[in-house]
Amino acid sequence: MKRSKGSATHRHRALPVLLLLLSAQLPRPAVAEQPPWAPGVERALDPSSRLAVGAARVALHNYNFHAASPSGLRALGQVRKATVKSIPGVGQKCYLQFTTEDYRSRENAGSCLATVLYPKKKSPPAVNIKCINTKDQKQIQEEDNRLYQKLKRQTKPITGSNIPDSFGNIEPALEPVWALAVAGSSYMMWEKSTEKVGYFMTQVKSVKQWMRKDDSLEFDYVILLHEMPTQEMISCHMRLIWLPGHPLKVKYTCDSENHRLEDGSGMESGSAAGIIREREENF
Amino acid sequence: MMSRGGRGEVPWVDNPRPDPAHPHLIFSPSQLDFWLAPRGTGDPVDVRVPFPSLQPLKAHLEANGIPYSIMIEDVQVSGGGGSGGRGSRHGGGGGLTLPRVPQALVDREQMQMLRRRRVLPLSTDAFDYSSYHNLDEIYAFMDLLVAENPNLVSKLEIGRTTENRPLYVLKFSKGGTNRPAIWIDTGIHSREWVTHASGVWFAKKIVQDQEKDEGLASILDQMDIFLEIVTNPDGFVFTHTTNRMWRKTRSKRSGSLCVGVDPNRNWDAGFGGSGSSSNPCSETYRGPYADSEPEVEAIVNFVKNHGNIKAFISIHSYSQLLLYPYGYTTTPVPDKEELHQLAKEAVAALSSLYGTTYKYGSIISTIYQASGGTIDWTYNQGIKYSFTFELRDTGRYGFLLPASQIVPTAQETWLALKVIMRHTREHLY
């Protein structure tokens, strides 16, 4: 958040009054599309509206990617407050307050304040997010380190497929690899999201470790993303490099054509399969 | 039972559970071939049904609440050949020229029949409700449930899929004729596995509770419940054999390399509008015309022929939502206030069990615009209490919900269903 702590507090005291004013003056919109509002006016959003919830998810994708912590992944709890402002020539900006849960245990993980700017021209949403931690950060770091050590100890490249499997099972040995996939996929989902289109990571179709001489861990993934509201399954090829305490490095290509031909024997392996491997390994 | 393609296939129908209230069939021997002839009221009959008699017979059986099940779907008819050994089983005797079926074929059909019945588990009490099952296992479960509860449960075939699989509906009824009814379907989108699994659980729950639970008992005293557990069998099999993420039907059309139609965009309500796709390769492809999919057409025909369905609930996953019409337009339904209030109560009941939070509202305002959807059509048919559920979760596992969540999901959803069913019974129209 660009604003200092002090002004953030001030903004939130003003918010309820503003909300009250707006709801008193304006009729409930009967249309699904947003009516043309006066630019620059911040208006209240139903916290459970698609726009508010979608924006909160985008903010969390951004958070999870930047946290680069498989043990510290967060999922959306509830959106508590949401407003949106139309900025002429730029796009729509959402202001959000929402609770979060630990991605795996579903325990309360603390609340976040975020802004999400959906630009008019097609480019990733701009996110600012700050979260309170209910979980001890040191504990999370230690868990990450334990995870890292376990993976580093493997002498043979780790491989896997269909994580979770058809029945929702995740092999305990592959959980860290799956958690890294969630962190890496967050980058893809953040970049691809718009006001109208959102994503969920459905499955790791395949994972293969590339052994490195340095301390980092490197994995090559094929990930299935569930796109809403189109309901399409998007296959993405993702290369990820992780070292605890460092930013996550992710490169990816997704099947751009979301109406792939169905060949009867499964279709999720990306047509970009060959491309990533031709790139240089150190990036 | 009703085959597509008209080769003159001949099905075999078994009626093992007699109902003294409906002792006889009205068809003449020349129209039906009794393989186990009627001996008196209360005895089962086996009937080989010639294709032309099929539809009238089914309509008659269903309209009169006569339970039946198909033992052999398609008995090949051969031109000649000695089958003297089976001769005594052919009812209808004297003067009839009936095609003879080769002994080997009949034996094979019988063996297949027995093998189906021998699928473990041997009772619905031994069935594992907290794991995911395939089509054969679910169909075997249905037969077990019917066999164990002949006075309450029957199985109806309402049509056939593109790949010629039977579409089965379980009917829960304490009697009467064409009572006002509640319809529940699960599995219309094949990748939404927790819905089929919940449907199986609901079926058992109805049987278990119909005496113990006051609410359910009073519902069944006045109303029937229809439950279609696998609404899209072709897609369901495909998710087991080939592609776990398959959503649509498996219909093929010349001129397209892509397969399948979204069965929840194929109904005749705002068909073709925004909120569905005209691209056959899309997951929300609406199909070439409304009701093009046999899976959809079967339900449409059933609903229209029944004429007395008062609540219609279609179950999907995931997102944790309870939705009422419309999806194809922002115009609110006339009964919006009542449906909204009812949804609120249902969701409160659901949450009371495990704290699972649901949102509720009209389809278009809560989830997205969708045209050609099931409950938009059923509502426009006059079925006021039309709802769609989106079950657990909200995206963490999505379609790949761990099996450990099946029973909790079914339990909490059942509470919401009972609220809707009770309200329907108290406000019959």
# chains A, B, ... in the order shown; residues from 1 in each chain; ligands from 1

$ interface_residues --of "chain B" --to "chain A" --cutoff "7 Å" --atoms "only C-alpha atoms" --output "list in words"
Tyr132, Thr242, Asn243, Arg244, Leu257, Cys258, Cys281, Ser282, Glu283, Thr284, Thr330, Ser365, Tyr368, Gly395, Tyr397, Gly398, Leu400, Leu401, Pro402 and Ala403 of chain B

$ residues_around --residues "Trp190 in chain A" --least-positions-apart "5" --cutoff "7 Å" --atoms "only C-alpha atoms" --output "PyMOL selection string"
chain A and resi 58+61-62+124

$ write_last_selection --atoms "C-alpha atoms" --output "PDB file, in the first residue's frame"
ATOM      1  CA  VAL A  58      -6.213 -11.769  -7.598  1.00  0.00           C
ATOM      2  CA  HIS A  61      -2.448 -14.774  -6.069  1.00  0.00           C
ATOM      3  CA  ASN A  62      -0.059 -11.871  -6.013  1.00  0.00           C
ATOM      4  CA  PRO A 124      -1.725  -7.919 -15.559  1.00  0.00           C
TER       5      PRO A 124
END

$ residues_around --residues "Ala181 in chain A" --least-positions-apart "2" --cutoff "10 Å" --atoms "only C-alpha atoms" --output "ChimeraX atom specification"
/A:70,163,175-179,183-186,201,203-204,207,219-223,238-240

$ select_by_dssp --residues "range 18-183 of chain A" --states "helix (DSSP H, G or I)" --output "PDB file with C-alpha atoms, in the first residue's frame"
ATOM      1  CA  LEU A  18     -19.300   7.297   2.394  1.00  0.00           C
ATOM      2  CA  LEU A  19     -20.951   3.916   2.050  1.00  0.00           C
ATOM      3  CA  LEU A  20     -24.020   5.118   3.915  1.00  0.00           C
ATOM      4  CA  LEU A  21     -24.305   8.153   1.677  1.00  0.00           C
ATOM      5  CA  LEU A  22     -24.033   6.127  -1.497  1.00  0.00           C
ATOM      6  CA  SER A  23     -26.499   3.438  -0.501  1.00  0.00           C
ATOM      7  CA  ALA A  24     -29.051   6.036   0.495  1.00  0.00           C
ATOM      8  CA  GLN A  25     -28.899   7.880  -2.783  1.00  0.00           C
ATOM      9  CA  ARG A  50     -18.138 -11.335  -8.253  1.00  0.00           C
ATOM     10  CA  LEU A  51     -16.018  -8.240  -8.706  1.00  0.00           C
ATOM     11  CA  ALA A  52     -15.067  -7.990  -5.034  1.00  0.00           C
ATOM     12  CA  VAL A  53     -14.379 -11.683  -4.546  1.00  0.00           C
ATOM     13  CA  GLY A  54     -12.506 -11.918  -7.840  1.00  0.00           C
ATOM     14  CA  ALA A  55     -10.328  -8.967  -6.975  1.00  0.00           C
ATOM     15  CA  ALA A  56      -9.568 -10.422  -3.541  1.00  0.00           C
ATOM     16  CA  ARG A  57      -8.476 -13.648  -5.222  1.00  0.00           C
ATOM     17  CA  VAL A  58      -6.213 -11.769  -7.598  1.00  0.00           C
ATOM     18  CA  ALA A  59      -4.659  -9.939  -4.672  1.00  0.00           C
ATOM     19  CA  LEU A  60      -4.023 -13.251  -2.944  1.00  0.00           C
ATOM     20  CA  HIS A  61      -2.448 -14.774  -6.069  1.00  0.00           C
ATOM     21  CA  ASN A  62      -0.059 -11.871  -6.013  1.00  0.00           C
ATOM     22  CA  TYR A  63       0.597 -12.339  -2.291  1.00  0.00           C
ATOM     23  CA  ASN A  64       1.203 -16.071  -2.572  1.00  0.00           C
ATOM     24  CA  PHE A  65       3.609 -15.598  -5.448  1.00  0.00           C
ATOM     25  CA  HIS A  66       5.606 -12.910  -3.702  1.00  0.00           C
ATOM     26  CA  ALA A  67       5.670 -14.765  -0.392  1.00  0.00           C
ATOM     27  CA  PRO A  70       4.889 -23.256   0.260  1.00  0.00           C
ATOM     28  CA  SER A  71       4.191 -23.357   4.000  1.00  0.00           C
ATOM     29  CA  GLY A  72       2.749 -19.856   4.079  1.00  0.00           C
ATOM     30  CA  GLN A 137       6.482 -16.055  10.575  1.00  0.00           C
ATOM     31  CA  LYS A 138       9.555 -17.727  12.003  1.00  0.00           C
ATOM     32  CA  GLN A 139       7.627 -20.965  12.247  1.00  0.00           C
ATOM     33  CA  ILE A 140       6.634 -20.691   8.604  1.00  0.00           C
ATOM     34  CA  GLN A 141      10.239 -20.093   7.592  1.00  0.00           C
ATOM     35  CA  GLU A 142      11.345 -23.149   9.532  1.00  0.00           C
ATOM     36  CA  GLU A 143       8.698 -25.253   7.840  1.00  0.00           C
ATOM     37  CA  ASP A 144       9.860 -24.000   4.467  1.00  0.00           C
ATOM     38  CA  ASN A 145      13.441 -24.890   5.343  1.00  0.00           C
ATOM     39  CA  ARG A 146      12.440 -28.351   6.465  1.00  0.00           C
ATOM     40  CA  LEU A 147      10.551 -28.789   3.189  1.00  0.00           C
ATOM     41  CA  TYR A 148      13.544 -27.581   1.237  1.00  0.00           C
ATOM     42  CA  GLN A 149      15.949 -29.899   3.013  1.00  0.00           C
ATOM     43  CA  LYS A 150      13.714 -32.886   2.423  1.00  0.00           C
ATOM     44  CA  LEU A 151      13.545 -32.116  -1.279  1.00  0.00           C
ATOM     45  CA  LYS A 152      17.261 -31.339  -1.552  1.00  0.00           C
ATOM     46  CA  PRO A 172       2.333 -36.993   1.378  1.00  0.00           C
ATOM     47  CA  ALA A 173       5.771 -37.195  -0.243  1.00  0.00           C
ATOM     48  CA  LEU A 174       4.567 -34.979  -3.069  1.00  0.00           C
ATOM     49  CA  GLU A 175       2.775 -32.388  -0.962  1.00  0.00           C
ATOM     50  CA  PRO A 176       5.708 -29.947  -0.961  1.00  0.00           C
ATOM     51  CA  VAL A 177       5.956 -30.186  -4.726  1.00  0.00           C
ATOM     52  CA  TRP A 178       2.226 -29.511  -4.986  1.00  0.00           C
ATOM     53  CA  ALA A 179       2.492 -26.539  -2.629  1.00  0.00           C
ATOM     54  CA  LEU A 180       5.293 -25.081  -4.762  1.00  0.00           C
ATOM     55  CA  ALA A 181       3.038 -25.544  -7.778  1.00  0.00           C
ATOM     56  CA  VAL A 182       0.333 -23.504  -6.037  1.00  0.00           C
ATOM     57  CA  ALA A 183       2.831 -20.737  -5.329  1.00  0.00           C
TER      58      ALA A 183
END

$ closest_residue --among "B:Ala290, B:Ala346, B:Ile184, B:Ile367" --to "Gly275 in chain B" --atoms "only C-alpha atoms"
B:Ile367

$ closest_residue --among "B:Ile158, B:Ile315, B:Ile138, B:Ala298" --to "Ile188 in chain B" --atoms "only C-alpha atoms"
B:Ile315

$ residues_around --residues "Lys81 in chain A" --least-positions-apart "2" --cutoff "6 Å" --atoms "only C-alpha atoms" --output "PDB file with all heavy atoms, in the first residue's frame"
ATOM      1  N   PRO A  47     -19.702  -7.063  -0.715  1.00  0.00           N
ATOM      2  CA  PRO A  47     -18.490  -7.859  -0.474  1.00  0.00           C
ATOM      3  C   PRO A  47     -18.545  -9.264  -1.077  1.00  0.00           C
ATOM      4  O   PRO A  47     -17.519  -9.886  -1.287  1.00  0.00           O
ATOM      5  CB  PRO A  47     -18.402  -7.948   1.054  1.00  0.00           C
ATOM      6  CG  PRO A  47     -19.302  -6.902   1.580  1.00  0.00           C
ATOM      7  CD  PRO A  47     -20.313  -6.595   0.534  1.00  0.00           C
ATOM      8  N   VAL A  79     -14.628 -11.692   2.155  1.00  0.00           N
ATOM      9  CA  VAL A  79     -14.401 -10.273   1.904  1.00  0.00           C
ATOM     10  C   VAL A  79     -15.261  -9.489   2.883  1.00  0.00           C
ATOM     11  O   VAL A  79     -16.462  -9.724   3.002  1.00  0.00           O
ATOM     12  CB  VAL A  79     -14.768  -9.877   0.454  1.00  0.00           C
ATOM     13  CG1 VAL A  79     -14.540  -8.392   0.223  1.00  0.00           C
ATOM     14  CG2 VAL A  79     -13.958 -10.701  -0.539  1.00  0.00           C
ATOM     15  N   LEU A  96      -9.970  -3.347  -1.044  1.00  0.00           N
ATOM     16  CA  LEU A  96     -10.539  -4.530  -0.400  1.00  0.00           C
ATOM     17  C   LEU A  96     -10.001  -4.760   1.003  1.00  0.00           C
ATOM     18  O   LEU A  96      -8.842  -4.483   1.287  1.00  0.00           O
ATOM     19  CB  LEU A  96     -10.195  -5.777  -1.222  1.00  0.00           C
ATOM     20  CG  LEU A  96     -10.524  -5.722  -2.703  1.00  0.00           C
ATOM     21  CD1 LEU A  96      -9.595  -6.633  -3.464  1.00  0.00           C
ATOM     22  CD2 LEU A  96     -11.963  -6.088  -2.941  1.00  0.00           C
ATOM     23  N   GLN A  97     -10.879  -5.313   1.823  1.00  0.00           N
ATOM     24  CA  GLN A  97     -10.452  -5.848   3.108  1.00  0.00           C
ATOM     25  C   GLN A  97     -11.036  -7.247   3.201  1.00  0.00           C
ATOM     26  O   GLN A  97     -12.246  -7.428   3.030  1.00  0.00           O
ATOM     27  CB  GLN A  97     -10.971  -4.986   4.258  1.00  0.00           C
ATOM     28  CG  GLN A  97     -10.431  -5.429   5.608  1.00  0.00           C
ATOM     29  CD  GLN A  97     -11.114  -4.741   6.766  1.00  0.00           C
ATOM     30  OE1 GLN A  97     -11.741  -3.684   6.594  1.00  0.00           O
ATOM     31  NE2 GLN A  97     -11.014  -5.319   7.939  1.00  0.00           N
TER      32      GLN A  97
END
